[in-house]
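File shown: data15.pdb. Contents: PDB, C-alpha atoms.
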ATOM      1  CA  MET G   1      89.861  82.691 106.630
ATOM      2  CA  VAL G   2      91.636  79.469 105.673
ATOM      3  CA  PHE G   3      94.376  81.045 103.557
ATOM      4  CA  LYS G   4      94.901  84.201 105.593
ATOM      5  CA  ARG G   5      98.433  84.801 106.882
ATOM      6  CA  ARG G   6      98.928  84.263 110.607
ATOM      7  CA  ASP G   7     101.155  87.330 110.814
ATOM      8  CA  SER G   8      99.720  90.349 109.007
ATOM      9  CA  ARG G   9     102.431  92.287 107.181
ATOM     10  CA  HIS G  10     102.684  96.054 107.119
ATOM     11  CA  TRP G  11     102.348  97.580 103.658
ATOM     12  CA  VAL G  12     105.925  98.880 103.893
ATOM     13  CA  THR G  13     107.123  95.285 104.342
ATOM     14  CA  VAL G  14     105.077  94.153 101.336
ATOM     15  CA  VAL G  15     106.593  96.859  99.125
ATOM     16  CA  ALA G  16     110.103  96.152 100.442
ATOM     17  CA  HIS G  17     109.761  92.424  99.669
ATOM     18  CA  TRP G  18     108.532  93.292  96.189
ATOM     19  CA  PHE G  19     111.803  95.132  95.506
ATOM     20  CA  TYR G  20     113.951  92.685  97.491
ATOM     21  CA  PRO G  21     112.375  89.283  98.259
ATOM     22  CA  ARG G  22     112.907  87.608 101.610
ATOM     23  CA  GLY G  23     116.127  85.649 101.267
ATOM     24  CA  GLY G  24     117.352  87.833  98.380
ATOM     25  CA  TRP G  25     116.984  87.703  94.605
ATOM     26  CA  GLY G  26     119.509  84.856  94.391
ATOM     27  CA  ARG G  27     117.294  82.580  96.443
ATOM     28  CA  ALA G  28     114.197  83.653  94.494
ATOM     29  CA  ILE G  29     115.930  82.840  91.190
ATOM     30  CA  GLN G  30     117.054  79.462  92.557
ATOM     31  CA  TYR G  31     113.461  78.694  93.555
ATOM     32  CA  ILE G  32     112.094  79.610  90.124
ATOM     33  CA  ARG G  33     114.789  77.544  88.390
ATOM     34  CA  HIS G  34     114.017  74.573  90.649
ATOM     35  CA  ARG G  35     110.292  74.837  89.854
ATOM     36  CA  LEU G  36     111.020  75.047  86.121
ATOM     37  CA  HIS G  37     113.171  71.923  86.242
ATOM     38  CA  ARG G  38     110.459  69.915  88.015
ATOM     39  CA  LEU G  39     107.617  70.858  85.645
ATOM     40  CA  PRO G  40     105.983  67.984  83.737
ATOM     41  CA  GLY G  41     106.308  67.936  79.971
ATOM     42  CA  THR G  42     109.005  67.713  77.342
ATOM     43  CA  PRO G  43     112.043  70.020  77.547
ATOM     44  CA  GLU G  44     110.858  71.686  74.345
ATOM     45  CA  SER G  45     107.354  72.475  75.646
ATOM     46  CA  ILE G  46     108.738  73.846  78.915
ATOM     47  CA  ALA G  47     111.296  75.933  77.004
ATOM     48  CA  ARG G  48     108.548  77.285  74.726
ATOM     49  CA  GLY G  49     106.721  78.379  77.864
ATOM     50  CA  ILE G  50     109.884  80.115  79.059
ATOM     51  CA  PHE G  51     110.118  81.820  75.660
ATOM     52  CA  ALA G  52     106.538  83.090  76.071
ATOM     53  CA  GLY G  53     107.214  84.496  79.554
ATOM     54  CA  ALA G  54     110.538  86.058  78.584
ATOM     55  CA  PHE G  55     108.976  87.719  75.531
ATOM     56  CA  THR G  56     106.071  89.038  77.592
ATOM     57  CA  VAL G  57     108.221  91.065  80.003
ATOM     58  CA  PHE G  58     109.324  93.285  77.089
ATOM     59  CA  THR G  59     105.737  94.263  76.253
ATOM     60  CA  PRO G  60     104.021  97.375  77.668
ATOM     61  CA  PHE G  61     101.076  95.458  79.154
ATOM     62  CA  TYR G  62     102.022  95.941  82.795
ATOM     63  CA  GLY G  63      99.544  94.361  85.153
ATOM     64  CA  MET G  64      98.528  91.904  82.424
ATOM     65  CA  HIS G  65     101.799  90.034  81.907
ATOM     66  CA  PHE G  66     100.321  86.784  83.239
ATOM     67  CA  VAL G  67      97.428  87.004  80.761
ATOM     68  CA  VAL G  68      99.723  87.852  77.827
ATOM     69  CA  ALA G  69     102.151  85.055  78.783
ATOM     70  CA  ILE G  70      99.319  82.495  78.882
ATOM     71  CA  ILE G  71      98.041  83.592  75.461
ATOM     72  CA  ILE G  72     101.509  83.400  73.868
ATOM     73  CA  ALA G  73     102.234  80.058  75.570
ATOM     74  CA  LYS G  74      99.039  78.625  74.089
ATOM     75  CA  LEU G  75      99.913  79.977  70.646
ATOM     76  CA  VAL G  76     103.374  78.347  70.689
ATOM     77  CA  ARG G  77     102.080  75.250  72.544
ATOM     78  CA  GLY G  78     104.340  75.890  75.508
ATOM     79  CA  ASN G  79     103.984  75.006  79.169
ATOM     80  CA  ILE G  80     101.744  77.634  80.792
ATOM     81  CA  ILE G  81     103.261  77.315  84.278
ATOM     82  CA  ALA G  82     106.732  77.797  82.767
ATOM     83  CA  ALA G  83     105.458  80.915  80.987
ATOM     84  CA  LEU G  84     104.094  82.357  84.242
ATOM     85  CA  LEU G  85     107.323  81.629  86.125
ATOM     86  CA  ALA G  86     109.424  83.181  83.340
ATOM     87  CA  THR G  87     107.572  86.487  83.660
ATOM     88  CA  PHE G  88     109.516  86.996  86.888
ATOM     89  CA  LEU G  89     112.415  88.013  84.641
ATOM     90  CA  GLY G  90     110.554  91.299  84.847
ATOM     91  CA  ASN G  91     110.981  92.724  88.334
ATOM     92  CA  PRO G  92     111.684  96.130  89.926
ATOM     93  CA  LEU G  93     115.383  95.738  89.099
ATOM     94  CA  THR G  94     114.852  95.027  85.391
ATOM     95  CA  TYR G  95     111.671  96.898  84.421
ATOM     96  CA  LEU G  96     113.415 100.194  83.658
ATOM     97  CA  PRO G  97     116.219  98.849  81.399
ATOM     98  CA  ILE G  98     113.734  96.514  79.668
ATOM     99  CA  ALA G  99     111.298  99.373  79.038
ATOM    100  CA  LEU G 100     114.027 101.677  77.721
ATOM    101  CA  ALA G 101     115.383  98.924  75.435
ATOM    102  CA  SER G 102     111.920  98.317  73.971
ATOM    103  CA  ILE G 103     111.102 102.022  73.579
ATOM    104  CA  HIS G 104     114.446 102.910  71.976
ATOM    105  CA  THR G 105     114.050  99.980  69.562
ATOM    106  CA  GLY G 106     110.526 101.162  68.771
ATOM    107  CA  TYR G 107     111.700 104.693  68.028
ATOM    108  CA  PHE G 108     114.365 103.265  65.729
ATOM    109  CA  LEU G 109     111.897 101.002  63.878
ATOM    110  CA  LEU G 110     109.416 103.881  63.513
ATOM    111  CA  GLY G 111     112.142 106.151  62.138
ATOM    112  CA  ARG G 112     111.972 108.606  65.016
ATOM    113  CA  GLU G 113     114.656 110.282  67.081
ATOM    114  CA  ALA G 114     114.658 109.026  70.685
ATOM    115  CA  ARG G 115     116.161 112.190  72.176
ATOM    116  CA  GLY G 116     115.329 112.519  75.885
ATOM    117  CA  VAL G 117     113.052 109.493  75.752
ATOM    118  CA  GLY G 118     113.812 108.448  79.342
ATOM    119  CA  ARG G 119     112.613 111.766  80.741
ATOM    120  CA  ASN G 120     109.597 111.782  78.410
ATOM    121  CA  VAL G 121     108.490 108.345  79.619
ATOM    122  CA  PHE G 122     107.954 109.491  83.201
ATOM    123  CA  HIS G 123     106.290 112.714  82.024
ATOM    124  CA  ALA G 124     103.974 110.779  79.667
ATOM    125  CA  PHE G 125     102.986 108.263  82.358
ATOM    126  CA  SER G 126     102.232 111.104  84.771
ATOM    127  CA  GLY G 127     100.177 112.982  82.190
ATOM    128  CA  ALA G 128      98.229 109.879  81.196
ATOM    129  CA  TRP G 129      97.386 109.147  84.819
ATOM    130  CA  GLN G 130      96.232 112.722  85.367
ATOM    131  CA  ASP G 131      94.042 112.518  82.252
ATOM    132  CA  LEU G 132      92.474 109.249  83.386
ATOM    133  CA  LYS G 133      91.728 110.670  86.822
ATOM    134  CA  HIS G 134      90.365 113.952  85.425
ATOM    135  CA  ASN G 135      88.200 112.239  82.803
ATOM    136  CA  PHE G 136      86.774 109.822  85.366
ATOM    137  CA  TRP G 137      85.567 112.665  87.559
ATOM    138  CA  ALA G 138      84.399 114.568  84.487
ATOM    139  CA  MET G 139      81.679 111.933  84.055
ATOM    140  CA  PHE G 140      80.099 113.132  87.313
ATOM    141  CA  THR G 141      80.879 116.862  87.145
ATOM    142  CA  PRO G 142      80.476 119.715  84.622
ATOM    143  CA  GLU G 143      84.199 119.375  83.719
ATOM    144  CA  ARG G 144      85.038 118.477  80.107
ATOM    145  CA  ALA G 145      87.079 115.363  79.328
ATOM    146  CA  ASP G 146      90.582 115.989  77.997
ATOM    147  CA  TRP G 147      92.470 113.237  76.168
ATOM    148  CA  HIS G 148      95.530 115.275  75.156
ATOM    149  CA  ALA G 149      98.002 113.701  77.614
ATOM    150  CA  LEU G 150      96.704 110.193  76.881
ATOM    151  CA  GLY G 151      97.240 110.865  73.188
ATOM    152  CA  GLU G 152     100.817 111.931  73.881
ATOM    153  CA  PHE G 153     101.322 108.827  76.036
ATOM    154  CA  TYR G 154     100.134 106.575  73.208
ATOM    155  CA  ASP G 155     102.273 108.325  70.591
ATOM    156  CA  GLU G 156     105.464 108.801  72.624
ATOM    157  CA  VAL G 157     105.463 105.722  74.865
ATOM    158  CA  PHE G 158     102.909 102.986  74.234
ATOM    159  CA  LEU G 159     103.217 102.719  70.433
ATOM    160  CA  PRO G 160     107.062 102.709  70.368
ATOM    161  CA  PHE G 161     107.035 100.369  73.392
ATOM    162  CA  MET G 162     104.676  97.908  71.687
ATOM    163  CA  VAL G 163     106.467  97.972  68.334
ATOM    164  CA  GLY G 164     109.939  97.899  69.865
ATOM    165  CA  SER G 165     109.177  95.052  72.263
ATOM    166  CA  ILE G 166     109.079  92.543  69.409
ATOM    167  CA  VAL G 167     112.802  92.517  68.580
ATOM    168  CA  PRO G 168     114.381  92.374  72.085
ATOM    169  CA  GLY G 169     111.511  90.166  73.281
ATOM    170  CA  VAL G 170     112.094  87.578  70.551
ATOM    171  CA  VAL G 171     115.888  87.729  71.019
ATOM    172  CA  CYS G 172     115.622  87.266  74.795
ATOM    173  CA  GLY G 173     112.995  84.537  74.369
ATOM    174  CA  LEU G 174     115.112  82.587  71.881
ATOM    175  CA  ILE G 175     118.193  82.838  74.093
ATOM    176  CA  CYS G 176     116.170  81.526  77.044
ATOM    177  CA  TYR G 177     114.708  78.763  74.880
ATOM    178  CA  TYR G 178     117.991  77.428  73.538
ATOM    179  CA  LEU G 179     119.672  77.680  76.936
ATOM    180  CA  SER G 180     116.768  75.962  78.695
ATOM    181  CA  VAL G 181     116.270  72.894  76.474
ATOM    182  CA  PRO G 182     119.596  71.104  77.205
ATOM    183  CA  VAL G 183     119.518  72.097  80.888
ATOM    184  CA  ILE G 184     115.962  70.820  81.411
ATOM    185  CA  ARG G 185     116.663  67.640  79.407
ATOM    186  CA  ALA G 186     119.777  66.878  81.469
ATOM    187  CA  TYR G 187     117.883  67.540  84.712
ATOM    188  CA  GLN G 188     114.981  65.280  83.688
ATOM    189  CA  GLN G 189     117.330  62.476  82.636
ATOM    190  CA  ARG G 190     119.276  62.716  85.906
ATOM    191  CA  ARG G 191     116.047  62.736  87.906
ATOM    192  CA  LEU G 192     114.716  59.739  85.966
ATOM    193  CA  ALA G 193     117.970  57.855  86.573
ATOM    194  CA  LYS G 194     117.683  58.523  90.316
ATOM    195  CA  LEU G 195     114.076  57.297  90.356
ATOM    196  CA  ARG G 196     115.048  54.119  88.491
ATOM    197  CA  ALA G 197     117.919  53.499  90.891
ATOM    198  CA  LYS G 198     115.567  53.999  93.823
ATOM    199  CA  MET G 199     113.007  51.592  92.336
ATOM    200  CA  ASP G 200     115.708  48.977  91.673
ATOM    201  CA  LYS G 201     116.888  49.293  95.266
ATOM    202  CA  MET G 202     113.338  48.857  96.573
ATOM    203  CA  ARG G 203     112.858  45.731  94.382
ATOM    204  CA  MET G 204     116.109  44.246  95.666
ATOM    205  CA  GLN G 205     115.106  44.896  99.259
ATOM    206  CA  ALA G 206     111.660  43.373  98.646
ATOM    207  CA  GLY G 207     113.299  40.297  97.012
ATOM    208  CA  ASN G 208     115.651  39.855  99.959
ATOM    209  CA  ARG G 209     112.736  39.945 102.414
ATOM    210  CA  VAL G 210     110.855  37.270 100.405
ATOM    211  CA  GLU G 211     113.882  34.970 100.446
TER     212      GLU G 211
END

Is it possible to give me this structure as structure tokens?
Amino acid sequence: MVFKRRDSRHWVTVVAHWFYPRGGWGRAIQYIRHRLHRLPGTPESIARGIFAGAFTVFTPFYGMHFVVAIIIAKLVRGNIIAALLATFLGNPLTYLPIALASIHTGYFLLGREARGVGRNVFHAFSGAWQDLKHNFWAMFTPERADWHALGEFYDEVFLPFMVGSIVPGVVCGLICYYLSVPVIRAYQQRRLAKLRAKMDKMRMQAGNRVE
């Protein structure tokens, strides 16, 4: 295969690099920032894309963050590549605090008490997975489908998560937007000045050769 890696990685290595990228998170963040700075488009459109990606990581649609980020980026007319890169704000180090912030906010907005919500999240996810597995096999066996745990998951986790993601997602997105615009504008202006200086130097050298 053309795009197959020369050195096949063990699954343990793949999982380890997911939690801690090769070169460390600092290098990964530097790479993402560098890619964001070099994206084509106005600073505002790139920053709107960053807003879309930052907002997306607070939503409960794990496994679909890229899709959600693209949809939001199109709605706000932001840069899609910037939106996809910004979703990397969500990573194994930040998923838990982000999820808890969204769920606690959701419980507050829904007027519920969030007592023991952290423990309930893991229990609800486990129960929902067991229900999905049981109900899948129930289609091929005499077993009866049971949606009780999935109902609890929706009521105790997904609904508060979805409702609560709006406030911290918008706040984080706006912070990223207003921080990004001046930084991207300054970077683009500096890069343009370097390109102009390089072009002027090339013209001078070409003029000297003609003379």

Expected selection from the PyMOL selection byres ((chain G and resi 108-113) around 12), given as a list in words:
Ala101, Ser102, Ile103, His104, Thr105, Gly106, Tyr107, Ala114, Arg115, Gly116, Val117, Asp155, Glu156, Leu159, Pro160, Phe161, Met162, Val163, Gly164, Ser165, Ile166 and Val167 of chain G

Please produce an output containing C-alpha atoms for each residue in the selection, written as a compact mmCIF listing (two decimals), keeping the file's coordinate frame.
# COMPACT_ATOMS: atom_id res chain seq x y z
CA ALA G 101 115.38 98.92 75.44
CA SER G 102 111.92 98.32 73.97
CA ILE G 103 111.10 102.02 73.58
CA HIS G 104 114.45 102.91 71.98
CA THR G 105 114.05 99.98 69.56
CA GLY G 106 110.53 101.16 68.77
CA TYR G 107 111.70 104.69 68.03
CA ALA G 114 114.66 109.03 70.68
CA ARG G 115 116.16 112.19 72.18
CA GLY G 116 115.33 112.52 75.89
CA VAL G 117 113.05 109.49 75.75
CA ASP G 155 102.27 108.32 70.59
CA GLU G 156 105.46 108.80 72.62
CA LEU G 159 103.22 102.72 70.43
CA PRO G 160 107.06 102.71 70.37
CA PHE G 161 107.04 100.37 73.39
CA MET G 162 104.68 97.91 71.69
CA VAL G 163 106.47 97.97 68.33
CA GLY G 164 109.94 97.90 69.86
CA SER G 165 109.18 95.05 72.26
CA ILE G 166 109.08 92.54 69.41
CA VAL G 167 112.80 92.52 68.58

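Here atom CA of G:Ala54 is placed at a distance of 7.6 Å from atom CA of G:Ala83.
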
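The residue that comes closest to G:His65, out of G:Gly151, G:Gly41, G:Pro142, G:Gly90 and on the basis of all atoms listed in the file, is G:Gly90.
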
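If you look at atom CA of G:Phe55 and atom CA of G:Gly173, they are 5.3 Å away from each other.
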
Distance query G:Val76 at most 8 Å, only C-alpha atoms, self and fewer than 6 positions along chain excluded, as a PyMOL selection string:
chain G and resi 48-49+52

Between atom CA of G:Met64 and atom CA of G:Pro40, what distance in Å does the model show, to one decimal?
25.1 Å

Which residues would end up in the selection if the PyMOL selection byres ((chain G and resi 146) around 10) were applied here, given that I need the answer as a ChimeraX atom specification?
/G:130-132,134-135,138,143-145,147-151

Those residues you just picked out, can you put them in a file as a tab-separated table (two decimals), keeping the file's coordinate frame with C-alpha atoms?
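Generated file (part-v7.tsv):
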chain	number	residue	atom	x	y	z
G	130	GLN	CA	96.23	112.72	85.37
G	131	ASP	CA	94.04	112.52	82.25
G	132	LEU	CA	92.47	109.25	83.39
G	134	HIS	CA	90.36	113.95	85.42
G	135	ASN	CA	88.20	112.24	82.80
G	138	ALA	CA	84.40	114.57	84.49
G	143	GLU	CA	84.20	119.38	83.72
G	144	ARG	CA	85.04	118.48	80.11
G	145	ALA	CA	87.08	115.36	79.33
G	147	TRP	CA	92.47	113.24	76.17
G	148	HIS	CA	95.53	115.28	75.16
G	149	ALA	CA	98.00	113.70	77.61
G	150	LEU	CA	96.70	110.19	76.88
G	151	GLY	CA	97.24	110.86	73.19

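Among the candidate residues G:Pro97, G:Gly63, G:Gly53, G:Pro92, the one lying nearest to G:Ile80 is G:Gly53, with distances computed using all atoms listed in the file.
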
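Take the candidates G:Ile175, G:Gly169, G:Arg191, G:Phe51 and check each one against G:Gly78 using all atoms listed in the file; the shortest distance goes to G:Phe51.
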
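Of the listed residues G:Val57, G:Ala82, G:Met204, G:Ala69, the one whose atoms come nearest to G:Ile184 is G:Ala82, with distances taken using all atoms listed in the file.
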
All file atoms of stretch 137-140 of chain G boxed axis-aligned, 8 Å per side, centre plus edges, as AutoDock Vina command-line options:
--center_x 82.8 --center_y 113.3 --center_z 85.8 --size_x 21.5 --size_y 18.6 --size_z 19.5

Please fill the gaps in stretch 183-207 of chain G so it has N, CA and C atoms, and write that as a PDB file, in the coordinates of the input.
ATOM      1  N   VAL G 183     119.465  72.128  79.420  1.00  0.00           N
ATOM      2  CA  VAL G 183     119.518  72.097  80.888  1.00  0.00           C
ATOM      3  C   VAL G 183     118.348  71.290  81.450  1.00  0.00           C
ATOM      4  N   ILE G 184     117.147  71.541  80.935  1.00  0.00           N
ATOM      5  CA  ILE G 184     115.962  70.820  81.411  1.00  0.00           C
ATOM      6  C   ILE G 184     116.053  69.338  81.035  1.00  0.00           C
ATOM      7  N   ARG G 185     116.535  69.039  79.823  1.00  0.00           N
ATOM      8  CA  ARG G 185     116.663  67.640  79.407  1.00  0.00           C
ATOM      9  C   ARG G 185     117.645  66.897  80.315  1.00  0.00           C
ATOM     10  N   ALA G 186     118.784  67.524  80.597  1.00  0.00           N
ATOM     11  CA  ALA G 186     119.777  66.878  81.469  1.00  0.00           C
ATOM     12  C   ALA G 186     119.207  66.671  82.870  1.00  0.00           C
ATOM     13  N   TYR G 187     118.467  67.659  83.380  1.00  0.00           N
ATOM     14  CA  TYR G 187     117.883  67.540  84.712  1.00  0.00           C
ATOM     15  C   TYR G 187     116.863  66.410  84.746  1.00  0.00           C
ATOM     16  N   GLN G 188     115.998  66.331  83.716  1.00  0.00           N
ATOM     17  CA  GLN G 188     114.981  65.280  83.688  1.00  0.00           C
ATOM     18  C   GLN G 188     115.614  63.900  83.576  1.00  0.00           C
ATOM     19  N   GLN G 189     116.653  63.763  82.769  1.00  0.00           N
ATOM     20  CA  GLN G 189     117.330  62.476  82.636  1.00  0.00           C
ATOM     21  C   GLN G 189     118.005  62.068  83.940  1.00  0.00           C
ATOM     22  N   ARG G 190     118.639  63.012  84.623  1.00  0.00           N
ATOM     23  CA  ARG G 190     119.276  62.716  85.906  1.00  0.00           C
ATOM     24  C   ARG G 190     118.235  62.338  86.948  1.00  0.00           C
ATOM     25  N   ARG G 191     117.123  63.044  86.944  1.00  0.00           N
ATOM     26  CA  ARG G 191     116.047  62.736  87.906  1.00  0.00           C
ATOM     27  C   ARG G 191     115.438  61.362  87.623  1.00  0.00           C
ATOM     28  N   LEU G 192     115.254  61.041  86.335  1.00  0.00           N
ATOM     29  CA  LEU G 192     114.716  59.739  85.966  1.00  0.00           C
ATOM     30  C   LEU G 192     115.673  58.619  86.369  1.00  0.00           C
ATOM     31  N   ALA G 193     116.981  58.865  86.183  1.00  0.00           N
ATOM     32  CA  ALA G 193     117.970  57.855  86.573  1.00  0.00           C
ATOM     33  C   ALA G 193     117.938  57.620  88.080  1.00  0.00           C
ATOM     34  N   LYS G 194     117.770  58.670  88.864  1.00  0.00           N
ATOM     35  CA  LYS G 194     117.683  58.523  90.316  1.00  0.00           C
ATOM     36  C   LYS G 194     116.440  57.742  90.719  1.00  0.00           C
ATOM     37  N   LEU G 195     115.309  58.020  90.057  1.00  0.00           N
ATOM     38  CA  LEU G 195     114.076  57.297  90.356  1.00  0.00           C
ATOM     39  C   LEU G 195     114.210  55.821  90.015  1.00  0.00           C
ATOM     40  N   ARG G 196     114.854  55.512  88.865  1.00  0.00           N
ATOM     41  CA  ARG G 196     115.048  54.119  88.491  1.00  0.00           C
ATOM     42  C   ARG G 196     115.949  53.403  89.487  1.00  0.00           C
ATOM     43  N   ALA G 197     117.015  54.097  89.913  1.00  0.00           N
ATOM     44  CA  ALA G 197     117.919  53.499  90.891  1.00  0.00           C
ATOM     45  C   ALA G 197     117.192  53.240  92.210  1.00  0.00           C
ATOM     46  N   LYS G 198     116.333  54.169  92.585  1.00  0.00           N
ATOM     47  CA  LYS G 198     115.567  53.999  93.823  1.00  0.00           C
ATOM     48  C   LYS G 198     114.590  52.837  93.712  1.00  0.00           C
ATOM     49  N   MET G 199     113.929  52.704  92.550  1.00  0.00           N
ATOM     50  CA  MET G 199     113.007  51.592  92.336  1.00  0.00           C
ATOM     51  C   MET G 199     113.736  50.261  92.336  1.00  0.00           C
ATOM     52  N   ASP G 200     114.919  50.203  91.691  1.00  0.00           N
ATOM     53  CA  ASP G 200     115.708  48.977  91.673  1.00  0.00           C
ATOM     54  C   ASP G 200     116.127  48.572  93.082  1.00  0.00           C
ATOM     55  N   LYS G 201     116.493  49.561  93.890  1.00  0.00           N
ATOM     56  CA  LYS G 201     116.888  49.293  95.266  1.00  0.00           C
ATOM     57  C   LYS G 201     115.719  48.751  96.072  1.00  0.00           C
ATOM     58  N   MET G 202     114.525  49.320  95.866  1.00  0.00           N
ATOM     59  CA  MET G 202     113.338  48.857  96.573  1.00  0.00           C
ATOM     60  C   MET G 202     112.981  47.432  96.156  1.00  0.00           C
ATOM     61  N   ARG G 203     113.139  47.098  94.851  1.00  0.00           N
ATOM     62  CA  ARG G 203     112.858  45.731  94.382  1.00  0.00           C
ATOM     63  C   ARG G 203     113.835  44.736  95.001  1.00  0.00           C
ATOM     64  N   MET G 204     115.110  45.142  95.073  1.00  0.00           N
ATOM     65  CA  MET G 204     116.109  44.246  95.666  1.00  0.00           C
ATOM     66  C   MET G 204     115.816  44.000  97.134  1.00  0.00           C
ATOM     67  N   GLN G 205     115.432  45.061  97.850  1.00  0.00           N
ATOM     68  CA  GLN G 205     115.106  44.896  99.259  1.00  0.00           C
ATOM     69  C   GLN G 205     113.871  44.031  99.451  1.00  0.00           C
ATOM     70  N   ALA G 206     112.866  44.207  98.563  1.00  0.00           N
ATOM     71  CA  ALA G 206     111.660  43.373  98.646  1.00  0.00           C
ATOM     72  C   ALA G 206     111.998  41.923  98.341  1.00  0.00           C
ATOM     73  N   GLY G 207     112.884  41.666  97.350  1.00  0.00           N
ATOM     74  CA  GLY G 207     113.299  40.297  97.012  1.00  0.00           C
ATOM     75  C   GLY G 207     114.045  39.637  98.155  1.00  0.00           C
TER      76      GLY G 207
END
